[in-house]
Each structure stands twice: as C-alpha cells, then as structure tokens.
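This is final.txt (compact mmCIF, N, CA and C atoms).
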# COMPACT_ATOMS: atom_id res chain seq x y z
N GLN A 1 -15.33 -14.70 100.39
CA GLN A 1 -14.03 -15.20 100.73
C GLN A 1 -13.57 -14.71 102.10
N TYR A 2 -14.32 -13.81 102.74
CA TYR A 2 -13.95 -13.30 104.05
C TYR A 2 -14.55 -14.17 105.14
N SER A 3 -13.94 -14.15 106.31
CA SER A 3 -14.46 -14.90 107.44
C SER A 3 -15.70 -14.19 108.00
N ILE A 4 -16.40 -14.85 108.90
CA ILE A 4 -17.59 -14.27 109.51
C ILE A 4 -17.24 -13.00 110.28
N LEU A 5 -16.13 -13.00 111.01
CA LEU A 5 -15.72 -11.81 111.75
C LEU A 5 -15.38 -10.66 110.82
N SER A 6 -14.77 -10.94 109.68
CA SER A 6 -14.46 -9.89 108.71
C SER A 6 -15.72 -9.33 108.09
N LYS A 7 -16.74 -10.15 107.91
CA LYS A 7 -18.00 -9.66 107.37
C LYS A 7 -18.73 -8.77 108.37
N ILE A 8 -18.60 -9.09 109.63
CA ILE A 8 -19.29 -8.31 110.66
C ILE A 8 -18.52 -7.04 111.00
N PHE A 9 -17.21 -7.15 111.21
CA PHE A 9 -16.40 -6.03 111.67
C PHE A 9 -15.50 -5.42 110.61
N GLY A 10 -15.39 -6.01 109.45
CA GLY A 10 -14.58 -5.48 108.37
C GLY A 10 -13.12 -5.86 108.46
N LYS A 11 -12.36 -5.42 107.46
CA LYS A 11 -10.93 -5.73 107.41
C LYS A 11 -10.08 -4.65 108.03
N GLY A 12 -10.61 -3.46 108.19
CA GLY A 12 -9.86 -2.35 108.75
C GLY A 12 -9.71 -1.23 107.74
N LEU A 13 -9.59 -0.02 108.23
CA LEU A 13 -9.51 1.15 107.35
C LEU A 13 -8.25 1.20 106.51
N SER A 14 -7.17 0.66 107.02
CA SER A 14 -5.90 0.75 106.30
C SER A 14 -5.73 -0.33 105.24
N GLN A 15 -6.62 -1.30 105.21
CA GLN A 15 -6.50 -2.39 104.25
C GLN A 15 -6.99 -1.97 102.87
N GLY A 16 -6.29 -2.41 101.85
CA GLY A 16 -6.72 -2.17 100.48
C GLY A 16 -7.82 -3.15 100.09
N ILE A 17 -8.50 -2.85 99.01
CA ILE A 17 -9.57 -3.70 98.51
C ILE A 17 -9.03 -4.45 97.31
N TYR A 18 -9.06 -5.75 97.38
CA TYR A 18 -8.48 -6.58 96.31
C TYR A 18 -9.41 -6.59 95.10
N VAL A 19 -8.87 -6.18 93.95
CA VAL A 19 -9.63 -6.21 92.70
C VAL A 19 -8.92 -7.04 91.64
N GLY A 20 -7.79 -7.61 91.99
CA GLY A 20 -7.08 -8.49 91.08
C GLY A 20 -6.50 -7.76 89.88
N PRO A 21 -6.63 -8.34 88.68
CA PRO A 21 -6.02 -7.75 87.50
C PRO A 21 -6.64 -6.42 87.07
N TYR A 22 -7.81 -6.09 87.59
CA TYR A 22 -8.44 -4.81 87.23
C TYR A 22 -7.66 -3.62 87.77
N SER A 23 -6.80 -3.84 88.74
CA SER A 23 -6.01 -2.74 89.28
C SER A 23 -4.99 -2.23 88.27
N GLU A 24 -4.67 -3.02 87.26
CA GLU A 24 -3.73 -2.55 86.23
C GLU A 24 -4.32 -1.40 85.43
N LEU A 25 -5.63 -1.30 85.37
CA LEU A 25 -6.27 -0.19 84.66
C LEU A 25 -6.00 1.14 85.34
N LEU A 26 -5.69 1.10 86.62
CA LEU A 26 -5.45 2.31 87.39
C LEU A 26 -3.98 2.51 87.74
N SER A 27 -3.12 1.79 87.12
CA SER A 27 -1.68 1.83 87.36
C SER A 27 -1.29 1.28 88.73
N PHE A 28 -2.16 0.50 89.33
CA PHE A 28 -1.82 -0.22 90.56
C PHE A 28 -1.57 -1.66 90.16
N TYR A 29 -0.38 -2.13 90.36
CA TYR A 29 -0.05 -3.47 89.89
C TYR A 29 -0.03 -4.51 91.00
N ASP A 30 -0.34 -4.11 92.22
CA ASP A 30 -0.34 -5.10 93.29
C ASP A 30 -1.71 -5.73 93.51
N GLY A 31 -2.73 -5.31 92.79
CA GLY A 31 -4.06 -5.90 92.88
C GLY A 31 -4.98 -5.26 93.89
N TYR A 32 -4.55 -4.19 94.56
CA TYR A 32 -5.35 -3.55 95.59
C TYR A 32 -5.60 -2.09 95.25
N ILE A 33 -6.78 -1.59 95.60
CA ILE A 33 -7.09 -0.17 95.47
C ILE A 33 -7.59 0.33 96.83
N PRO A 34 -7.46 1.63 97.11
CA PRO A 34 -7.85 2.11 98.44
C PRO A 34 -9.36 2.25 98.63
N PHE A 35 -10.11 2.65 97.60
CA PHE A 35 -11.55 2.88 97.71
C PHE A 35 -12.26 2.36 96.48
N LEU A 36 -13.54 2.04 96.63
CA LEU A 36 -14.41 1.74 95.50
C LEU A 36 -15.22 2.98 95.16
N HIS A 37 -15.90 2.97 94.02
CA HIS A 37 -16.74 4.12 93.67
C HIS A 37 -17.96 4.21 94.57
N ASN A 38 -18.49 3.09 95.00
CA ASN A 38 -19.64 3.08 95.88
C ASN A 38 -19.15 3.13 97.32
N GLY A 39 -19.48 4.20 98.02
CA GLY A 39 -19.01 4.37 99.39
C GLY A 39 -19.56 3.33 100.34
N TYR A 40 -20.79 2.84 100.09
CA TYR A 40 -21.36 1.83 100.97
C TYR A 40 -20.59 0.51 100.88
N TYR A 41 -20.16 0.15 99.68
CA TYR A 41 -19.34 -1.07 99.54
C TYR A 41 -17.98 -0.89 100.21
N THR A 42 -17.43 0.31 100.11
CA THR A 42 -16.16 0.58 100.77
C THR A 42 -16.30 0.43 102.28
N ILE A 43 -17.38 0.99 102.84
CA ILE A 43 -17.62 0.86 104.27
C ILE A 43 -17.83 -0.60 104.64
N LEU A 44 -18.58 -1.31 103.80
CA LEU A 44 -18.86 -2.73 104.08
C LEU A 44 -17.58 -3.55 104.13
N ILE A 45 -16.68 -3.32 103.19
CA ILE A 45 -15.44 -4.10 103.17
C ILE A 45 -14.50 -3.67 104.28
N LYS A 46 -14.36 -2.37 104.51
CA LYS A 46 -13.40 -1.89 105.48
C LYS A 46 -13.90 -1.95 106.92
N LEU A 47 -15.20 -1.68 107.14
CA LEU A 47 -15.74 -1.62 108.49
C LEU A 47 -16.81 -2.67 108.77
N GLY A 48 -17.21 -3.44 107.76
CA GLY A 48 -18.17 -4.52 107.95
C GLY A 48 -19.60 -4.03 108.09
N LEU A 49 -20.46 -4.95 108.45
CA LEU A 49 -21.88 -4.63 108.63
C LEU A 49 -22.10 -3.64 109.77
N VAL A 50 -21.25 -3.72 110.78
CA VAL A 50 -21.34 -2.79 111.90
C VAL A 50 -21.09 -1.36 111.42
N GLY A 51 -20.10 -1.16 110.57
CA GLY A 51 -19.80 0.16 110.04
C GLY A 51 -20.91 0.71 109.17
N VAL A 52 -21.50 -0.12 108.32
CA VAL A 52 -22.62 0.33 107.47
C VAL A 52 -23.80 0.72 108.34
N PHE A 53 -24.07 -0.09 109.37
CA PHE A 53 -25.17 0.23 110.28
C PHE A 53 -24.93 1.57 110.97
N TYR A 54 -23.76 1.80 111.51
CA TYR A 54 -23.47 3.06 112.20
C TYR A 54 -23.49 4.25 111.25
N TYR A 55 -23.01 4.09 110.03
CA TYR A 55 -23.02 5.18 109.07
C TYR A 55 -24.46 5.56 108.72
N LEU A 56 -25.28 4.58 108.39
CA LEU A 56 -26.69 4.86 108.07
C LEU A 56 -27.44 5.40 109.28
N PHE A 57 -27.15 4.85 110.46
CA PHE A 57 -27.79 5.33 111.68
C PHE A 57 -27.44 6.80 111.92
N PHE A 58 -26.18 7.16 111.71
CA PHE A 58 -25.75 8.54 111.93
C PHE A 58 -26.42 9.49 110.94
N VAL A 59 -26.35 9.18 109.65
CA VAL A 59 -26.89 10.10 108.64
C VAL A 59 -28.41 10.16 108.71
N LEU A 60 -29.07 9.02 108.72
CA LEU A 60 -30.54 9.01 108.76
C LEU A 60 -31.06 9.55 110.10
N GLY A 61 -30.37 9.26 111.18
CA GLY A 61 -30.77 9.81 112.48
C GLY A 61 -30.70 11.32 112.50
N ASN A 62 -29.66 11.89 111.91
CA ASN A 62 -29.55 13.34 111.84
C ASN A 62 -30.62 13.95 110.92
N ILE A 63 -30.91 13.28 109.82
CA ILE A 63 -31.96 13.78 108.92
C ILE A 63 -33.30 13.82 109.66
N ILE A 64 -33.64 12.75 110.34
CA ILE A 64 -34.91 12.70 111.08
C ILE A 64 -34.93 13.73 112.20
N PHE A 65 -33.81 13.89 112.90
CA PHE A 65 -33.72 14.87 113.98
C PHE A 65 -33.98 16.28 113.47
N TYR A 66 -33.35 16.65 112.36
CA TYR A 66 -33.49 18.01 111.86
C TYR A 66 -34.82 18.23 111.14
N ILE A 67 -35.41 17.20 110.60
CA ILE A 67 -36.75 17.35 110.02
C ILE A 67 -37.75 17.71 111.12
N LYS A 68 -37.62 17.10 112.28
CA LYS A 68 -38.52 17.40 113.39
C LYS A 68 -38.33 18.82 113.92
N LYS A 69 -37.15 19.39 113.73
CA LYS A 69 -36.85 20.71 114.28
C LYS A 69 -36.91 21.84 113.25
N ILE A 70 -37.37 21.55 112.03
CA ILE A 70 -37.40 22.59 110.99
C ILE A 70 -38.29 23.75 111.40
N LYS A 71 -39.36 23.50 112.13
CA LYS A 71 -40.26 24.59 112.50
C LYS A 71 -39.60 25.60 113.45
N TYR A 72 -38.52 25.21 114.11
CA TYR A 72 -37.82 26.12 115.02
C TYR A 72 -36.73 26.94 114.32
N ASN A 73 -36.19 26.42 113.25
CA ASN A 73 -35.09 27.10 112.57
C ASN A 73 -35.13 26.73 111.09
N THR A 74 -35.32 27.71 110.22
CA THR A 74 -35.43 27.41 108.79
C THR A 74 -34.11 26.99 108.18
N TYR A 75 -33.01 27.23 108.85
CA TYR A 75 -31.71 26.78 108.34
C TYR A 75 -31.59 25.26 108.35
N TYR A 76 -32.43 24.60 109.14
CA TYR A 76 -32.40 23.14 109.19
C TYR A 76 -32.81 22.51 107.87
N ILE A 77 -33.53 23.25 107.04
CA ILE A 77 -33.87 22.74 105.70
C ILE A 77 -32.58 22.52 104.90
N ILE A 78 -31.64 23.45 105.04
CA ILE A 78 -30.35 23.32 104.35
C ILE A 78 -29.58 22.11 104.90
N VAL A 79 -29.63 21.91 106.21
CA VAL A 79 -28.94 20.78 106.83
C VAL A 79 -29.52 19.46 106.32
N VAL A 80 -30.85 19.37 106.25
CA VAL A 80 -31.49 18.14 105.75
C VAL A 80 -31.12 17.92 104.29
N ALA A 81 -31.09 18.98 103.49
CA ALA A 81 -30.71 18.84 102.08
C ALA A 81 -29.27 18.39 101.93
N LEU A 82 -28.36 18.95 102.72
CA LEU A 82 -26.96 18.55 102.65
C LEU A 82 -26.76 17.11 103.11
N LEU A 83 -27.44 16.72 104.18
CA LEU A 83 -27.32 15.34 104.65
C LEU A 83 -27.92 14.35 103.65
N SER A 84 -29.01 14.74 103.00
CA SER A 84 -29.58 13.88 101.96
C SER A 84 -28.62 13.76 100.79
N GLY A 85 -27.94 14.85 100.47
CA GLY A 85 -26.92 14.80 99.42
C GLY A 85 -25.77 13.88 99.78
N VAL A 86 -25.36 13.89 101.03
CA VAL A 86 -24.30 12.99 101.49
C VAL A 86 -24.75 11.54 101.37
N LEU A 87 -26.00 11.28 101.73
CA LEU A 87 -26.54 9.92 101.65
C LEU A 87 -26.55 9.42 100.21
N ILE A 88 -26.95 10.27 99.29
CA ILE A 88 -27.01 9.88 97.87
C ILE A 88 -25.62 9.81 97.26
N SER A 89 -24.77 10.78 97.59
CA SER A 89 -23.43 10.79 96.98
C SER A 89 -22.57 9.63 97.48
N THR A 90 -22.88 9.10 98.64
CA THR A 90 -22.15 7.93 99.11
C THR A 90 -22.42 6.73 98.22
N TYR A 91 -23.61 6.66 97.66
CA TYR A 91 -23.95 5.56 96.77
C TYR A 91 -23.32 5.75 95.39
N ILE A 92 -23.34 6.97 94.88
CA ILE A 92 -22.88 7.23 93.51
C ILE A 92 -21.36 7.35 93.46
N VAL A 93 -20.83 8.23 94.25
CA VAL A 93 -19.37 8.37 94.42
C VAL A 93 -19.09 8.20 95.89
N GLN A 94 -17.92 8.28 96.32
CA GLN A 94 -17.53 7.82 97.64
C GLN A 94 -18.10 8.61 98.81
N GLY A 95 -18.90 9.61 98.57
CA GLY A 95 -19.51 10.36 99.67
C GLY A 95 -18.49 11.18 100.43
N ILE A 96 -18.49 11.07 101.75
CA ILE A 96 -17.58 11.88 102.56
C ILE A 96 -16.18 11.31 102.59
N PHE A 97 -15.95 10.19 101.89
CA PHE A 97 -14.63 9.58 101.88
C PHE A 97 -13.70 10.19 100.85
N ILE A 98 -14.26 10.90 99.87
CA ILE A 98 -13.40 11.54 98.86
C ILE A 98 -12.83 12.81 99.46
N ARG A 99 -11.71 13.20 98.95
CA ARG A 99 -11.06 14.41 99.45
C ARG A 99 -11.56 15.61 98.67
N GLY A 100 -11.57 16.76 99.32
CA GLY A 100 -11.94 17.97 98.62
C GLY A 100 -13.27 18.53 99.06
N ALA A 101 -14.27 18.43 98.21
CA ALA A 101 -15.56 19.07 98.45
C ALA A 101 -16.27 18.51 99.68
N SER A 102 -16.04 17.27 100.02
CA SER A 102 -16.76 16.69 101.16
C SER A 102 -16.44 17.41 102.47
N VAL A 103 -15.23 17.91 102.61
CA VAL A 103 -14.87 18.65 103.82
C VAL A 103 -15.71 19.90 103.93
N TRP A 104 -15.91 20.58 102.83
CA TRP A 104 -16.72 21.80 102.84
C TRP A 104 -18.19 21.50 103.10
N ILE A 105 -18.67 20.38 102.61
CA ILE A 105 -20.05 19.99 102.88
C ILE A 105 -20.23 19.74 104.38
N LEU A 106 -19.28 19.07 105.00
CA LEU A 106 -19.37 18.81 106.43
C LEU A 106 -19.28 20.10 107.24
N ILE A 107 -18.45 21.04 106.80
CA ILE A 107 -18.36 22.33 107.48
C ILE A 107 -19.68 23.09 107.35
N LEU A 108 -20.30 23.06 106.17
CA LEU A 108 -21.59 23.72 105.98
C LEU A 108 -22.68 23.08 106.83
N ILE A 109 -22.67 21.77 106.94
CA ILE A 109 -23.65 21.09 107.79
C ILE A 109 -23.49 21.56 109.24
N GLY A 110 -22.27 21.61 109.72
CA GLY A 110 -22.03 22.08 111.08
C GLY A 110 -22.41 23.53 111.28
N TYR A 111 -22.14 24.38 110.29
CA TYR A 111 -22.46 25.80 110.39
C TYR A 111 -23.97 26.01 110.46
N PHE A 112 -24.71 25.42 109.54
CA PHE A 112 -26.15 25.64 109.51
C PHE A 112 -26.87 24.88 110.62
N ALA A 113 -26.30 23.81 111.14
CA ALA A 113 -26.93 23.09 112.24
C ALA A 113 -26.90 23.89 113.53
N TYR A 114 -25.87 24.73 113.71
CA TYR A 114 -25.74 25.49 114.95
C TYR A 114 -25.93 26.98 114.76
N LYS A 115 -26.52 27.37 113.65
CA LYS A 115 -26.85 28.78 113.42
C LYS A 115 -27.98 29.16 114.39
N PRO A 116 -27.93 30.37 114.94
CA PRO A 116 -28.97 30.77 115.91
C PRO A 116 -30.36 30.76 115.29
N ARG A 117 -31.37 30.70 116.15
CA ARG A 117 -32.75 30.68 115.69
C ARG A 117 -33.09 31.95 114.94
N ASP A 118 -34.05 31.82 114.03
CA ASP A 118 -34.52 32.98 113.27
C ASP A 118 -35.16 34.00 114.21
N GLU A 119 -34.87 35.25 113.96
CA GLU A 119 -35.48 36.33 114.74
C GLU A 119 -36.72 36.80 114.00
N LYS A 120 -37.86 36.78 114.69
CA LYS A 120 -39.13 37.22 114.07
C LYS A 120 -39.85 38.18 114.96
Please re-express this file's structure in structure tokens.
Amino acid sequence: QYSILSKIFGKGLSQGIYVGPYSELLSFYDGYIPFLHNGYYTILIKLGLVGVFYYLFFVLGNIIFYIKKIKYNTYYIIVVALLSGVLISTYIVQGIFIRGASVWILILIGYFAYKPRDEK
C-alpha cells in the first residue's frame, strides 16, 4: 500500500506503524504502534530498503572488520560476539531499538573495540 518512494526511503522515524484493529490488544485505539517485534521490519517500514541496507552494512561490516583483527587484540572476540548478538536480537526482538539493555551493549562494544592491545 506504500508508494515506491516510501518503499525505498521509508515513512520516517516518527511515523507509527499501522496495524489496524490489532492495536486494541495493546491499549492503542488509533490503529498505530511505534515498533514491531522484528527490528528489521521496523527499519524497513520506517527507513525503507535504504535503511535496512545501511543497518546490515554497518553491523556486518563491523563484524568482518573485527574478525580480521582478532589476532591483534583478543578483546575483539567479545566485540564480534556482541555484534552478532545485536544482529540476531534485531530479528527476534527489536535489537538496538528497545530501551534499556541495548544501551549497555553498545557501550560494551565501544569499550572492548578500543581497549588497548594485549601486552605479551
């Protein structure tokens, strides 16, 4: 039901996702909810195909980057594991879009990504 431009670029981050009468199950009576359970569908609707591409490019690009550098710093194993968890949790639950634990996961990724090299 969306136009070609909406499919490519999305509807925008502030737009709700229309679910019709199913919103009554969540005490929303206007037919819109802010997020879906699947983070990839949320990105697709709000940011379009361009947003899904950039999200996957960012996460997978970082995973590949840190896999190549694991031999220089063993902390990168933790970074790859956390990024893989973000990739999977985006499919199951909203990934980094949910509030709470996702902020701490992103802080841990940043901390272990820039931890100094192992001293041997």
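Using only C-alpha atoms, the smallest distance between any of A:Ile96, A:Ile109, A:Phe57, A:Phe65 and A:Leu82 comes from A:Ile109.
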Looking at A:Pro21, A:Gly95, A:Gly12, A:Gly51, which one is nearest to A:Asn38, with distances taken over all atoms listed in the file?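 Using all atoms listed in the file, the shortest distance to A:Asn38 belongs to A:Gly95.
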Could you work out how far atom CA of A:Ile33 lies from atom C of A:Leu56, giving the answer in Å with one decimal?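 Value for the atom C of A:Leu56-atom CA of A:Ile33 distance: 25.2 Å.
If you measure from each of A:Tyr111, A:Gly48, A:Asp30, A:Ser23 to A:Leu5 using all atoms listed in the file, the closest one turns out to be A:Gly48.
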Take the point (-17.6, -8.4, 105.3) in the file's coordinates, draw a sphere of radius 7 Å around it, and report as a PDB file with N, CA and C atoms, in the frame of the given file every protein, DNA or RNA residue with an atom inside or on it, counting only C-alpha atoms.
ATOM      1  N   TYR A   2     -14.320 -13.810 102.740  1.00  0.00           N
ATOM      2  CA  TYR A   2     -13.950 -13.300 104.050  1.00  0.00           C
ATOM      3  C   TYR A   2     -14.550 -14.170 105.140  1.00  0.00           C
ATOM      4  N   SER A   6     -14.770 -10.940 109.680  1.00  0.00           N
ATOM      5  CA  SER A   6     -14.460  -9.890 108.710  1.00  0.00           C
ATOM      6  C   SER A   6     -15.720  -9.330 108.090  1.00  0.00           C
ATOM      7  N   LYS A   7     -16.740 -10.150 107.910  1.00  0.00           N
ATOM      8  CA  LYS A   7     -18.000  -9.660 107.370  1.00  0.00           C
ATOM      9  C   LYS A   7     -18.730  -8.770 108.370  1.00  0.00           C
ATOM     10  N   ILE A   8     -18.600  -9.090 109.630  1.00  0.00           N
ATOM     11  CA  ILE A   8     -19.290  -8.310 110.660  1.00  0.00           C
ATOM     12  C   ILE A   8     -18.520  -7.040 111.000  1.00  0.00           C
ATOM     13  N   PHE A   9     -17.210  -7.150 111.210  1.00  0.00           N
ATOM     14  CA  PHE A   9     -16.400  -6.030 111.670  1.00  0.00           C
ATOM     15  C   PHE A   9     -15.500  -5.420 110.610  1.00  0.00           C
ATOM     16  N   GLY A  10     -15.390  -6.010 109.450  1.00  0.00           N
ATOM     17  CA  GLY A  10     -14.580  -5.480 108.370  1.00  0.00           C
ATOM     18  C   GLY A  10     -13.120  -5.860 108.460  1.00  0.00           C
ATOM     19  N   LEU A  44     -18.580  -1.310 103.800  1.00  0.00           N
ATOM     20  CA  LEU A  44     -18.860  -2.730 104.080  1.00  0.00           C
ATOM     21  C   LEU A  44     -17.580  -3.550 104.130  1.00  0.00           C
ATOM     22  N   ILE A  45     -16.680  -3.320 103.190  1.00  0.00           N
ATOM     23  CA  ILE A  45     -15.440  -4.100 103.170  1.00  0.00           C
ATOM     24  C   ILE A  45     -14.500  -3.670 104.280  1.00  0.00           C
ATOM     25  N   GLY A  48     -17.210  -3.440 107.760  1.00  0.00           N
ATOM     26  CA  GLY A  48     -18.170  -4.520 107.950  1.00  0.00           C
ATOM     27  C   GLY A  48     -19.600  -4.030 108.090  1.00  0.00           C
ATOM     28  N   LEU A  49     -20.460  -4.950 108.450  1.00  0.00           N
ATOM     29  CA  LEU A  49     -21.880  -4.630 108.630  1.00  0.00           C
ATOM     30  C   LEU A  49     -22.100  -3.640 109.770  1.00  0.00           C
TER      31      LEU A  49
END
Output as an MDAnalysis selection string all residues of stretch 7-115 of chain A that backbone DSSP marks as helix (DSSP H, G or I). chainID A and resid 7:9 20:26 39:68 76:92 95:97 101:113
As an exercise, work out the distance from atom CA of A:Tyr66 to atom CA of A:Tyr40 in Å and give it to one decimal place.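 One can read the atom CA of A:Tyr66 to atom CA of A:Tyr40 distance as 23.0 Å.
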For A:Ala113, the closest of A:Tyr32, A:Tyr41, A:Tyr76, A:Tyr18 counting only C-alpha atoms is A:Tyr76
Counting all atoms listed in the file, the residue of A:Ile17, A:Val52, A:Leu25, A:Leu108 that sits nearest A:Ile78: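 Of A:Ile17, A:Val52, A:Leu25, A:Leu108, the one nearest A:Ile78, counting all atoms listed in the file, is A:Leu108.
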Would you mind reading off the distance between atom N of A:Leu47 and atom CA of A:Ile63, one decimal, in Å?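 Atom-to-atom, atom N of A:Leu47 and atom CA of A:Ile63 are spaced 22.9 Å apart.
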Which polymer residues, whether protein, DNA or RNA, lie within 9 Å of the coordinate (-29.6, 24.9, 114.3) when you count only C-alpha atoms? List them as a list in words, using the chain letters and numbers from the file. Tyr66, Lys69, Ile70, Tyr72, Asn73, Thr74, Tyr75, Tyr76, Val79, Gly110, Tyr111, Phe112, Ala113, Tyr114, Lys115, Pro116 and Arg117 of chain A
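When all atoms listed in the file are used to compute distances to A:Val93, the closest of the residues A:Ile4, A:Tyr22, A:Leu13, A:His37 turns out to be A:His37.
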Test item, strand (DSSP E) assignment across stretch 2-93 of chain A, answer as a short mmCIF file (atom, residue, chain, number, x, y, z; two decimals) with N, CA and C atoms, in the frame of the given file:
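out_24.cif, freshly written:
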data_model
loop_
_atom_site.label_atom_id
_atom_site.label_comp_id
_atom_site.auth_asym_id
_atom_site.auth_seq_id
_atom_site.Cartn_x
_atom_site.Cartn_y
_atom_site.Cartn_z
N ILE A 17 -8.50 -2.85 99.01
CA ILE A 17 -9.57 -3.70 98.51
C ILE A 17 -9.03 -4.45 97.31
N TYR A 18 -9.06 -5.75 97.38
CA TYR A 18 -8.48 -6.58 96.31
C TYR A 18 -9.41 -6.59 95.10
N TYR A 32 -4.55 -4.19 94.56
CA TYR A 32 -5.35 -3.55 95.59
C TYR A 32 -5.60 -2.09 95.25
N ILE A 33 -6.78 -1.59 95.60
CA ILE A 33 -7.09 -0.17 95.47
C ILE A 33 -7.59 0.33 96.83
#
